[in-house]
file coords05.csv (CSV, C-alpha atoms)
chain,number,residue,atom,x,y,z
A,1,MET,CA,0.0,0.0,0.0
A,2,ASP,CA,2.8,2.4,0.8
A,3,ASP,CA,4.3,1.9,-2.6
A,4,VAL,CA,1.0,2.7,-4.3
A,5,LEU,CA,0.6,5.8,-2.1
A,6,SER,CA,4.1,7.0,-3.1
A,7,VAL,CA,3.2,6.6,-6.8
A,8,LEU,CA,-0.1,8.5,-6.3
A,9,ARG,CA,1.6,11.3,-4.5
A,10,GLN,CA,3.9,11.8,-7.5
A,11,ALA,CA,0.9,12.2,-9.9
A,12,ALA,CA,-0.6,15.7,-10.4
A,13,LEU,CA,-4.0,14.0,-10.9
A,14,PHE,CA,-4.1,13.5,-7.1
A,15,GLU,CA,-2.6,16.9,-6.0
A,16,GLY,CA,-4.4,18.3,-3.0
A,17,LEU,CA,-5.8,15.0,-1.7
A,18,SER,CA,-5.5,14.1,1.9
A,19,GLN,CA,-3.7,10.9,3.1
A,20,GLN,CA,-7.1,9.3,3.7
A,21,GLU,CA,-8.3,10.2,0.3
A,22,LEU,CA,-5.2,8.8,-1.3
A,23,GLN,CA,-5.6,5.6,0.6
A,24,ALA,CA,-9.2,5.3,-0.7
A,25,ILE,CA,-7.8,5.6,-4.3
A,26,ALA,CA,-4.9,3.3,-3.6
A,27,ALA,CA,-7.3,0.6,-2.5
A,28,LEU,CA,-8.8,0.6,-6.0
A,29,CYS,CA,-5.5,0.4,-7.8
A,30,GLN,CA,-4.4,-2.7,-9.7
A,31,VAL,CA,-0.7,-3.0,-10.7
A,32,ARG,CA,-0.1,-3.9,-14.3
A,33,THR,CA,3.3,-4.7,-15.9
A,34,PHE,CA,3.9,-4.3,-19.6
A,35,ARG,CA,6.7,-5.5,-21.9
A,36,SER,CA,8.3,-3.2,-24.4
A,37,GLY,CA,6.0,-2.8,-27.4
A,38,GLU,CA,3.0,-4.3,-25.6
A,39,ILE,CA,-0.2,-2.4,-26.2
A,40,ILE,CA,-2.0,-0.9,-23.2
A,41,THR,CA,-5.0,0.7,-25.0
A,42,THR,CA,-6.1,0.5,-28.7
A,43,GLN,CA,-7.5,3.5,-30.5
A,44,GLY,CA,-11.2,3.0,-31.2
A,45,GLU,CA,-11.7,0.1,-28.8
A,46,HIS,CA,-13.8,0.2,-25.6
A,47,GLY,CA,-11.9,0.9,-22.4
A,48,ASP,CA,-12.9,1.3,-18.8
A,49,GLU,CA,-9.6,1.9,-17.1
A,50,LEU,CA,-7.4,4.9,-16.4
A,51,TYR,CA,-3.7,4.2,-15.9
A,52,VAL,CA,-1.0,6.0,-13.8
A,53,VAL,CA,2.5,5.5,-15.1
A,54,SER,CA,4.7,4.4,-12.2
A,55,GLN,CA,7.9,3.2,-13.9
A,56,GLY,CA,9.1,3.3,-17.5
A,57,PHE,CA,7.7,5.2,-20.6
A,58,VAL,CA,4.7,4.7,-22.8
A,59,GLU,CA,4.0,6.3,-26.2
A,60,VAL,CA,0.7,7.6,-27.5
A,61,THR,CA,0.0,7.1,-31.2
A,62,LEU,CA,-2.8,8.2,-33.4
A,63,MET,CA,-4.1,6.8,-36.7
A,64,ASN,CA,-5.3,9.5,-39.1
A,65,SER,CA,-9.1,10.0,-39.3
A,66,ALA,CA,-9.4,7.9,-42.4
A,67,GLY,CA,-7.6,5.0,-40.6
A,68,GLY,CA,-4.9,4.7,-43.3
A,69,GLY,CA,-1.2,5.4,-43.3
A,70,GLU,CA,1.3,5.0,-40.6
A,71,PRO,CA,0.4,5.8,-37.0
A,72,ARG,CA,1.8,9.0,-35.7
A,73,THR,CA,3.4,9.2,-32.2
A,74,VAL,CA,2.1,12.4,-30.5
A,75,VAL,CA,3.9,12.1,-27.1
A,76,GLN,CA,5.9,9.9,-24.8
A,77,LEU,CA,4.7,9.8,-21.2
A,78,GLY,CA,6.9,9.0,-18.2
A,79,PRO,CA,6.4,8.5,-14.5
A,80,GLY,CA,3.6,10.4,-12.9
A,81,GLN,CA,1.5,10.8,-16.1
A,82,ILE,CA,-1.9,9.3,-16.7
A,83,VAL,CA,-3.4,7.6,-19.8
A,84,GLY,CA,-6.9,6.5,-20.6
A,85,GLU,CA,-8.6,9.5,-18.9
A,86,MET,CA,-10.7,10.5,-21.9
A,87,SER,CA,-12.5,7.2,-22.0
A,88,LEU,CA,-12.9,7.4,-18.3
A,89,VAL,CA,-14.7,10.7,-18.3
A,90,ASP,CA,-16.6,10.6,-21.6
A,91,ARG,CA,-17.2,6.8,-22.0
A,92,GLY,CA,-16.2,7.0,-25.6
A,93,PRO,CA,-13.9,4.7,-27.5
A,94,ARG,CA,-10.1,5.0,-26.8
A,95,SER,CA,-8.8,8.2,-28.5
A,96,ALA,CA,-5.3,6.8,-29.1
A,97,THR,CA,-3.2,3.7,-29.0
A,98,VAL,CA,-0.8,3.5,-26.0
A,99,ARG,CA,2.1,1.1,-25.9
A,100,SER,CA,4.9,0.5,-23.6
A,101,LEU,CA,8.3,1.7,-24.6
A,102,THR,CA,10.0,0.0,-21.7
A,103,ASP,CA,10.4,-3.6,-20.6
A,104,GLY,CA,8.7,-3.9,-17.3
A,105,ALA,CA,6.8,-0.7,-17.5
A,106,LEU,CA,4.7,-0.5,-14.3
A,107,LEU,CA,1.3,1.1,-14.4
A,108,HIS,CA,-1.5,1.4,-11.8
A,109,ALA,CA,-5.0,0.8,-13.3
A,110,LEU,CA,-8.2,2.3,-11.9
A,111,LYS,CA,-11.5,0.8,-13.1
A,112,ARG,CA,-14.0,3.5,-14.2
A,113,ASP,CA,-17.1,2.4,-12.3
A,114,ALA,CA,-15.3,2.0,-9.0
A,115,PHE,CA,-13.3,5.3,-9.4
A,116,LEU,CA,-16.4,7.3,-10.4
A,117,GLN,CA,-18.4,5.8,-7.5
A,118,LEU,CA,-15.6,7.0,-5.2
A,119,CYS,CA,-15.7,10.5,-6.7
A,120,GLN,CA,-19.4,10.6,-6.3
A,121,THR,CA,-19.4,9.4,-2.7
A,122,ASP,CA,-16.5,11.6,-1.6
A,123,THR,CA,-17.3,14.9,-3.4
A,124,HIS,CA,-14.2,16.7,-2.1
A,125,LEU,CA,-12.0,14.0,-3.6
A,126,GLY,CA,-14.2,13.9,-6.7
A,127,TYR,CA,-13.9,17.7,-7.2
A,128,LEU,CA,-10.1,17.7,-6.8
A,129,VAL,CA,-9.6,14.7,-9.1
A,130,MET,CA,-11.8,16.1,-11.8
A,131,ARG,CA,-10.2,19.6,-11.6
A,132,ASN,CA,-6.8,18.0,-11.8
A,133,MET,CA,-7.9,15.8,-14.7
A,134,ALA,CA,-9.0,18.9,-16.6
A,135,ALA,CA,-5.7,20.5,-15.9
A,136,ASP,CA,-3.9,17.4,-17.1
A,137,LEU,CA,-5.8,17.4,-20.4
A,138,SER,CA,-5.0,21.1,-20.7
A,139,PHE,CA,-1.3,20.4,-20.1
A,140,LYS,CA,-1.3,17.7,-22.8
A,141,LEU,CA,-3.1,20.1,-25.2
A,142,ARG,CA,-0.5,22.8,-24.6
A,143,HIS,CA,2.3,20.2,-25.2
A,144,ARG,CA,0.7,19.2,-28.5
A,145,MET,CA,0.4,22.9,-29.5
A,146,LEU,CA,4.1,23.4,-28.7
A,147,THR,CA,5.2,20.3,-30.7
A,148,GLY,CA,2.8,21.1,-33.6
A,149,ARG,CA,1.8,17.4,-33.7
B,150,MET,CA,6.6,17.8,0.6
B,151,PRO,CA,9.5,18.4,-1.9
B,152,ALA,CA,8.7,20.1,-5.3
B,153,ILE,CA,7.7,17.9,-8.2
B,154,TYR,CA,8.3,19.3,-11.7
B,155,LYS,CA,5.9,18.2,-14.4
B,156,VAL,CA,7.8,19.0,-17.6
B,157,SER,CA,6.6,19.2,-21.2
B,158,TYR,CA,9.8,18.4,-23.2
B,159,VAL,CA,9.7,19.5,-26.8
B,160,VAL,CA,12.5,18.6,-29.2
B,161,ILE,CA,13.2,21.3,-31.7
B,162,GLY,CA,14.8,20.9,-35.1
B,163,GLU,CA,13.6,17.4,-35.8
B,164,GLU,CA,10.5,15.2,-36.0
B,165,HIS,CA,10.1,14.0,-32.4
B,166,PRO,CA,6.9,13.8,-30.3
B,167,GLY,CA,8.6,15.1,-27.2
B,168,ALA,CA,7.6,13.8,-23.8
B,169,ILE,CA,5.8,14.7,-20.6
B,170,LEU,CA,7.3,13.4,-17.3
B,171,ASN,CA,7.7,14.3,-13.7
B,172,THR,CA,11.1,14.9,-12.2
B,173,ASP,CA,12.2,16.0,-8.7
B,174,LYS,CA,14.9,18.2,-10.2
B,175,GLU,CA,14.1,21.4,-12.0
B,176,PRO,CA,15.5,21.3,-15.6
B,177,ARG,CA,18.1,24.0,-16.3
B,178,LEU,CA,19.8,25.3,-19.4
B,179,ASP,CA,22.5,22.9,-20.7
B,180,ASP,CA,21.2,19.9,-18.7
B,181,LEU,CA,21.3,16.6,-20.5
B,182,VAL,CA,17.9,14.8,-20.5
B,183,ARG,CA,17.3,11.3,-21.6
B,184,ILE,CA,14.1,10.5,-23.4
B,185,GLY,CA,13.9,6.9,-24.4
B,186,ALA,CA,17.2,5.8,-25.9
B,187,ARG,CA,18.3,9.3,-26.8
B,188,GLU,CA,19.9,12.1,-24.9
B,189,PHE,CA,19.1,15.8,-25.5
B,190,ARG,CA,20.4,19.1,-24.2
B,191,VAL,CA,18.0,21.6,-22.6
B,192,VAL,CA,18.1,24.9,-24.5
B,193,GLU,CA,15.1,26.7,-23.0
B,194,VAL,CA,13.0,26.4,-19.8
B,195,GLN,CA,9.9,28.4,-19.1
B,196,GLU,CA,6.9,28.1,-16.8
B,197,LEU,CA,4.0,26.7,-18.7
B,198,ILE,CA,1.3,27.3,-16.1
B,199,PRO,CA,1.5,28.6,-12.5
B,200,PRO,CA,2.5,26.1,-9.8
B,201,HIS,CA,-0.1,24.3,-7.8
B,202,GLY,CA,0.7,22.8,-4.4
B,203,GLU,CA,4.0,21.0,-4.7
B,204,PHE,CA,3.7,20.7,-8.5
B,205,HIS,CA,5.5,23.0,-10.9
B,206,PHE,CA,4.4,22.9,-14.6
B,207,LEU,CA,7.3,23.7,-17.0
B,208,HIS,CA,8.1,23.6,-20.7
B,209,ALA,CA,11.6,22.8,-21.8
B,210,SER,CA,13.0,22.9,-25.3
B,211,LEU,CA,15.6,20.3,-26.2
B,212,LYS,CA,18.1,19.8,-29.0
B,213,ALA,CA,20.3,16.9,-29.9
B,214,PRO,CA,23.7,17.6,-28.3

call {"tool": "encode", "arguments": {"input": "coords05.csv", "output": "structure tokens"}}
result
Amino acid sequence: MDDVLSVLRQAALFEGLSQQELQAIAALCQVRTFRSGEIITTQGEHGDELYVVSQGFVEVTLMNSAGGGEPRTVVQLGPGQIVGEMSLVDRGPRSATVRSLTDGALLHALKRDAFLQLCQTDTHLGYLVMRNMAADLSFKLRHRMLTGR
Amino acid sequence: MPAIYKVSYVVIGEEHPGAILNTDKEPRLDDLVRIGAREFRVVEVQELIPPHGEFHFLHASLKAP
């Protein structure tokens, strides 16, 4: 549990949460390990988990809207970053394919229903997490604007 | 709680997606940064958005050394 708490404290998604609130989220986390090249989410498919990168790097790639051509890598994400948040909040299909760039990449997975239930039950936690998630999406958008990708 | 720097690294002068990662050390000019298998030199650092709690949100431009 202490290891998970340490990971969560390093993620801006959980900035401002109390120790008790972090423990409630840690209790929902499932550890996943990925090999280099292994796919974590696939663009267009259904997904119901958000991931927090704990160790290693992942890359986010997009197919063009027509579905043809080579996939384009839009960003690499390292420790403390989250992936899968769009499907978590809008319940739409995965917006991108995410694959591990590192052998033994360690991610913490949060199931949507359990996570949203916690946000609804503990509205202080829910407000902070949703505010931070909006800030994270904004940060990623700013990064894409800077890279021109 | 020590500061955490969430950094948007953008590689200039080549086709590279850049990276976002957290670090406990503030990036500074001329630092060497490893992204994947490659190493880059920091050529610019600026605050992307104001800090919040222990988190600082930075943008750093990188170039191949």

call {"tool": "atom_distance", "arguments": {"input": "coords05.csv", "atom1": "atom CA of A:Asp122", "atom2": "atom CA of A:Gly47"}}
result
23.8 Å

call {"tool": "closest_atom_pairs", "arguments": {"input": "coords05.csv", "of": "chain B", "to": "chain A", "cutoff": "12 Å", "atoms": "all atoms listed in the file", "output": "JSON lines"}}
result
{"residue": "B:Met150", "atom": "CA", "partner": "A:Arg9", "partner_atom": "CA", "distance": 9.7}
{"residue": "B:Pro151", "atom": "CA", "partner": "A:Gln10", "partner_atom": "CA", "distance": 10.3}
{"residue": "B:Ala152", "atom": "CA", "partner": "A:Gln10", "partner_atom": "CA", "distance": 9.8}
{"residue": "B:Ile153", "atom": "CA", "partner": "A:Gln10", "partner_atom": "CA", "distance": 7.2}
{"residue": "B:Tyr154", "atom": "CA", "partner": "A:Gln10", "partner_atom": "CA", "distance": 9.7}
{"residue": "B:Lys155", "atom": "CA", "partner": "A:Ala12", "partner_atom": "CA", "distance": 8.0}
{"residue": "B:Val156", "atom": "CA", "partner": "A:His143", "partner_atom": "CA", "distance": 9.5}
{"residue": "B:Ser157", "atom": "CA", "partner": "A:His143", "partner_atom": "CA", "distance": 6.0}
{"residue": "B:Tyr158", "atom": "CA", "partner": "A:His143", "partner_atom": "CA", "distance": 8.0}
{"residue": "B:Val159", "atom": "CA", "partner": "A:Thr147", "partner_atom": "CA", "distance": 6.0}
{"residue": "B:Val160", "atom": "CA", "partner": "A:Thr147", "partner_atom": "CA", "distance": 7.6}
{"residue": "B:Ile161", "atom": "CA", "partner": "A:Thr147", "partner_atom": "CA", "distance": 8.1}
{"residue": "B:Gly162", "atom": "CA", "partner": "A:Thr147", "partner_atom": "CA", "distance": 10.6}
{"residue": "B:Glu163", "atom": "CA", "partner": "A:Thr147", "partner_atom": "CA", "distance": 10.2}
{"residue": "B:Glu164", "atom": "CA", "partner": "A:Thr147", "partner_atom": "CA", "distance": 9.1}
{"residue": "B:His165", "atom": "CA", "partner": "A:Thr147", "partner_atom": "CA", "distance": 8.2}
{"residue": "B:Pro166", "atom": "CA", "partner": "A:Val75", "partner_atom": "CA", "distance": 4.7}
{"residue": "B:Gly167", "atom": "CA", "partner": "A:Val75", "partner_atom": "CA", "distance": 5.6}
{"residue": "B:Ala168", "atom": "CA", "partner": "A:Gln76", "partner_atom": "CA", "distance": 4.4}
{"residue": "B:Ile169", "atom": "CA", "partner": "A:Leu77", "partner_atom": "CA", "distance": 5.1}
{"residue": "B:Leu170", "atom": "CA", "partner": "A:Gly78", "partner_atom": "CA", "distance": 4.5}
{"residue": "B:Asn171", "atom": "CA", "partner": "A:Gly80", "partner_atom": "CA", "distance": 5.7}
{"residue": "B:Thr172", "atom": "CA", "partner": "A:Pro79", "partner_atom": "CA", "distance": 8.3}
{"residue": "B:Asp173", "atom": "CA", "partner": "A:Gln10", "partner_atom": "CA", "distance": 9.4}
{"residue": "B:Arg183", "atom": "CA", "partner": "A:Gly78", "partner_atom": "CA", "distance": 11.2}
{"residue": "B:Ile184", "atom": "CA", "partner": "A:Gln76", "partner_atom": "CA", "distance": 8.3}
{"residue": "B:Gly185", "atom": "CA", "partner": "A:Phe57", "partner_atom": "CA", "distance": 7.5}
{"residue": "B:Ala186", "atom": "CA", "partner": "A:Leu101", "partner_atom": "CA", "distance": 9.9}
{"residue": "B:Glu196", "atom": "CA", "partner": "A:Phe139", "partner_atom": "CA", "distance": 11.7}
{"residue": "B:Leu197", "atom": "CA", "partner": "A:Phe139", "partner_atom": "CA", "distance": 8.4}
{"residue": "B:Ile198", "atom": "CA", "partner": "A:Phe139", "partner_atom": "CA", "distance": 8.4}
{"residue": "B:Pro199", "atom": "CA", "partner": "A:Ala135", "partner_atom": "CA", "distance": 11.4}
{"residue": "B:Pro200", "atom": "CA", "partner": "A:Ala12", "partner_atom": "CA", "distance": 10.9}
{"residue": "B:His201", "atom": "CA", "partner": "A:Glu15", "partner_atom": "CA", "distance": 8.0}
{"residue": "B:Gly202", "atom": "CA", "partner": "A:Gly16", "partner_atom": "CA", "distance": 6.9}
{"residue": "B:Glu203", "atom": "CA", "partner": "A:Glu15", "partner_atom": "CA", "distance": 7.9}
{"residue": "B:Phe204", "atom": "CA", "partner": "A:Ala12", "partner_atom": "CA", "distance": 6.9}
{"residue": "B:His205", "atom": "CA", "partner": "A:Ala12", "partner_atom": "CA", "distance": 9.5}
{"residue": "B:Phe206", "atom": "CA", "partner": "A:Phe139", "partner_atom": "CA", "distance": 8.3}
{"residue": "B:Leu207", "atom": "CA", "partner": "A:Phe139", "partner_atom": "CA", "distance": 9.7}
{"residue": "B:His208", "atom": "CA", "partner": "A:His143", "partner_atom": "CA", "distance": 8.1}
{"residue": "B:Ala209", "atom": "CA", "partner": "A:Leu146", "partner_atom": "CA", "distance": 10.2}
{"residue": "B:Ser210", "atom": "CA", "partner": "A:Leu146", "partner_atom": "CA", "distance": 9.5}
{"residue": "B:Leu211", "atom": "CA", "partner": "A:Thr147", "partner_atom": "CA", "distance": 11.3}

call {"tool": "residues_around", "arguments": {"input": "coords05.csv", "residues": "B:Leu178", "least_positions_apart": "6", "cutoff": "8 Å", "atoms": "all atoms listed in the file", "output": "ChimeraX atom specification"}}
result
/B:190-194

call {"tool": "residues_around", "arguments": {"input": "coords05.csv", "residues": "stretch 109-118 of chain A", "least_positions_apart": "5", "cutoff": "12 Å", "atoms": "all atoms listed in the file", "output": "ChimeraX atom specification"}}
result
/A:4,7-8,21-33,40-41,46-54,82-91,123-127,129-130

call {"tool": "atom_distance", "arguments": {"input": "coords05.csv", "atom1": "atom CA of A:Leu106", "atom2": "atom CA of A:Thr121"}}
result
28.5 Å

call {"tool": "atom_distance", "arguments": {"input": "coords05.csv", "atom1": "atom CA of A:Pro93", "atom2": "atom CA of A:Leu128"}}
result
24.7 Å

call {"tool": "build_atoms", "arguments": {"input": "coords05.csv", "residues": "stretch 115-136 of chain A", "atoms": "N, CA, C and O atoms", "output": "PDB file, in the coordinates of the input"}}
result
ATOM      1  N   PHE A 115     -13.949   3.940  -9.615  1.00  0.00           N
ATOM      2  CA  PHE A 115     -13.300   5.300  -9.400  1.00  0.00           C
ATOM      3  C   PHE A 115     -14.402   6.352  -9.421  1.00  0.00           C
ATOM      4  O   PHE A 115     -14.402   7.235  -8.549  1.00  0.00           O
ATOM      5  N   LEU A 116     -15.335   6.297 -10.367  1.00  0.00           N
ATOM      6  CA  LEU A 116     -16.400   7.300 -10.400  1.00  0.00           C
ATOM      7  C   LEU A 116     -17.315   7.207  -9.208  1.00  0.00           C
ATOM      8  O   LEU A 116     -17.816   8.224  -8.706  1.00  0.00           O
ATOM      9  N   GLN A 117     -17.534   5.984  -8.742  1.00  0.00           N
ATOM     10  CA  GLN A 117     -18.400   5.800  -7.500  1.00  0.00           C
ATOM     11  C   GLN A 117     -17.703   6.488  -6.344  1.00  0.00           C
ATOM     12  O   GLN A 117     -18.358   7.165  -5.555  1.00  0.00           O
ATOM     13  N   LEU A 118     -16.372   6.322  -6.236  1.00  0.00           N
ATOM     14  CA  LEU A 118     -15.600   7.000  -5.200  1.00  0.00           C
ATOM     15  C   LEU A 118     -15.738   8.493  -5.276  1.00  0.00           C
ATOM     16  O   LEU A 118     -15.949   9.197  -4.286  1.00  0.00           O
ATOM     17  N   CYS A 119     -15.593   9.009  -6.509  1.00  0.00           N
ATOM     18  CA  CYS A 119     -15.700  10.500  -6.700  1.00  0.00           C
ATOM     19  C   CYS A 119     -17.060  10.999  -6.348  1.00  0.00           C
ATOM     20  O   CYS A 119     -17.191  12.121  -5.845  1.00  0.00           O
ATOM     21  N   GLN A 120     -18.074  10.189  -6.588  1.00  0.00           N
ATOM     22  CA  GLN A 120     -19.400  10.600  -6.300  1.00  0.00           C
ATOM     23  C   GLN A 120     -19.721  10.550  -4.783  1.00  0.00           C
ATOM     24  O   GLN A 120     -20.413  11.405  -4.230  1.00  0.00           O
ATOM     25  N   THR A 121     -19.151   9.542  -4.139  1.00  0.00           N
ATOM     26  CA  THR A 121     -19.400   9.400  -2.700  1.00  0.00           C
ATOM     27  C   THR A 121     -18.616  10.424  -1.900  1.00  0.00           C
ATOM     28  O   THR A 121     -19.136  11.001  -0.954  1.00  0.00           O
ATOM     29  N   ASP A 122     -17.362  10.658  -2.304  1.00  0.00           N
ATOM     30  CA  ASP A 122     -16.500  11.600  -1.600  1.00  0.00           C
ATOM     31  C   ASP A 122     -16.377  12.832  -2.569  1.00  0.00           C
ATOM     32  O   ASP A 122     -15.495  12.855  -3.420  1.00  0.00           O
ATOM     33  N   THR A 123     -17.259  13.805  -2.414  1.00  0.00           N
ATOM     34  CA  THR A 123     -17.300  14.900  -3.400  1.00  0.00           C
ATOM     35  C   THR A 123     -16.096  15.811  -3.341  1.00  0.00           C
ATOM     36  O   THR A 123     -15.740  16.432  -4.342  1.00  0.00           O
ATOM     37  N   HIS A 124     -15.442  15.907  -2.165  1.00  0.00           N
ATOM     38  CA  HIS A 124     -14.200  16.700  -2.100  1.00  0.00           C
ATOM     39  C   HIS A 124     -13.136  16.044  -2.951  1.00  0.00           C
ATOM     40  O   HIS A 124     -12.490  16.685  -3.787  1.00  0.00           O
ATOM     41  N   LEU A 125     -12.973  14.740  -2.772  1.00  0.00           N
ATOM     42  CA  LEU A 125     -12.000  14.000  -3.600  1.00  0.00           C
ATOM     43  C   LEU A 125     -12.432  14.086  -5.075  1.00  0.00           C
ATOM     44  O   LEU A 125     -11.584  14.332  -5.940  1.00  0.00           O
ATOM     45  N   GLY A 126     -13.721  13.920  -5.331  1.00  0.00           N
ATOM     46  CA  GLY A 126     -14.200  13.900  -6.700  1.00  0.00           C
ATOM     47  C   GLY A 126     -13.937  15.283  -7.385  1.00  0.00           C
ATOM     48  O   GLY A 126     -13.478  15.341  -8.537  1.00  0.00           O
ATOM     49  N   TYR A 127     -14.161  16.386  -6.649  1.00  0.00           N
ATOM     50  CA  TYR A 127     -13.900  17.700  -7.200  1.00  0.00           C
ATOM     51  C   TYR A 127     -12.429  17.874  -7.567  1.00  0.00           C
ATOM     52  O   TYR A 127     -12.082  18.313  -8.667  1.00  0.00           O
ATOM     53  N   LEU A 128     -11.557  17.515  -6.601  1.00  0.00           N
ATOM     54  CA  LEU A 128     -10.100  17.700  -6.800  1.00  0.00           C
ATOM     55  C   LEU A 128      -9.615  16.866  -7.994  1.00  0.00           C
ATOM     56  O   LEU A 128      -8.850  17.338  -8.851  1.00  0.00           O
ATOM     57  N   VAL A 129     -10.043  15.609  -8.046  1.00  0.00           N
ATOM     58  CA  VAL A 129      -9.600  14.700  -9.100  1.00  0.00           C
ATOM     59  C   VAL A 129     -10.061  15.230 -10.481  1.00  0.00           C
ATOM     60  O   VAL A 129      -9.295  15.259 -11.451  1.00  0.00           O
ATOM     61  N   MET A 130     -11.316  15.648 -10.551  1.00  0.00           N
ATOM     62  CA  MET A 130     -11.800  16.100 -11.800  1.00  0.00           C
ATOM     63  C   MET A 130     -11.178  17.444 -12.249  1.00  0.00           C
ATOM     64  O   MET A 130     -10.890  17.676 -13.418  1.00  0.00           O
ATOM     65  N   ARG A 131     -10.921  18.320 -11.270  1.00  0.00           N
ATOM     66  CA  ARG A 131     -10.200  19.600 -11.600  1.00  0.00           C
ATOM     67  C   ARG A 131      -8.802  19.248 -12.089  1.00  0.00           C
ATOM     68  O   ARG A 131      -8.351  19.796 -13.098  1.00  0.00           O
ATOM     69  N   ASN A 132      -8.136  18.320 -11.405  1.00  0.00           N
ATOM     70  CA  ASN A 132      -6.800  18.000 -11.800  1.00  0.00           C
ATOM     71  C   ASN A 132      -6.760  17.259 -13.161  1.00  0.00           C
ATOM     72  O   ASN A 132      -5.818  17.411 -13.936  1.00  0.00           O
ATOM     73  N   MET A 133      -7.808  16.483 -13.420  1.00  0.00           N
ATOM     74  CA  MET A 133      -7.900  15.800 -14.700  1.00  0.00           C
ATOM     75  C   MET A 133      -8.058  16.804 -15.849  1.00  0.00           C
ATOM     76  O   MET A 133      -7.449  16.682 -16.910  1.00  0.00           O
ATOM     77  N   ALA A 134      -8.884  17.819 -15.605  1.00  0.00           N
ATOM     78  CA  ALA A 134      -9.000  18.900 -16.600  1.00  0.00           C
ATOM     79  C   ALA A 134      -7.718  19.592 -16.833  1.00  0.00           C
ATOM     80  O   ALA A 134      -7.339  19.901 -17.977  1.00  0.00           O
ATOM     81  N   ALA A 135      -6.986  19.848 -15.746  1.00  0.00           N
ATOM     82  CA  ALA A 135      -5.700  20.500 -15.900  1.00  0.00           C
ATOM     83  C   ALA A 135      -4.696  19.627 -16.634  1.00  0.00           C
ATOM     84  O   ALA A 135      -3.877  20.119 -17.420  1.00  0.00           O
ATOM     85  N   ASP A 136      -4.769  18.312 -16.418  1.00  0.00           N
ATOM     86  CA  ASP A 136      -3.900  17.400 -17.100  1.00  0.00           C
ATOM     87  C   ASP A 136      -4.184  17.403 -18.629  1.00  0.00           C
ATOM     88  O   ASP A 136      -3.275  17.426 -19.460  1.00  0.00           O
TER      89      ASP A 136
END
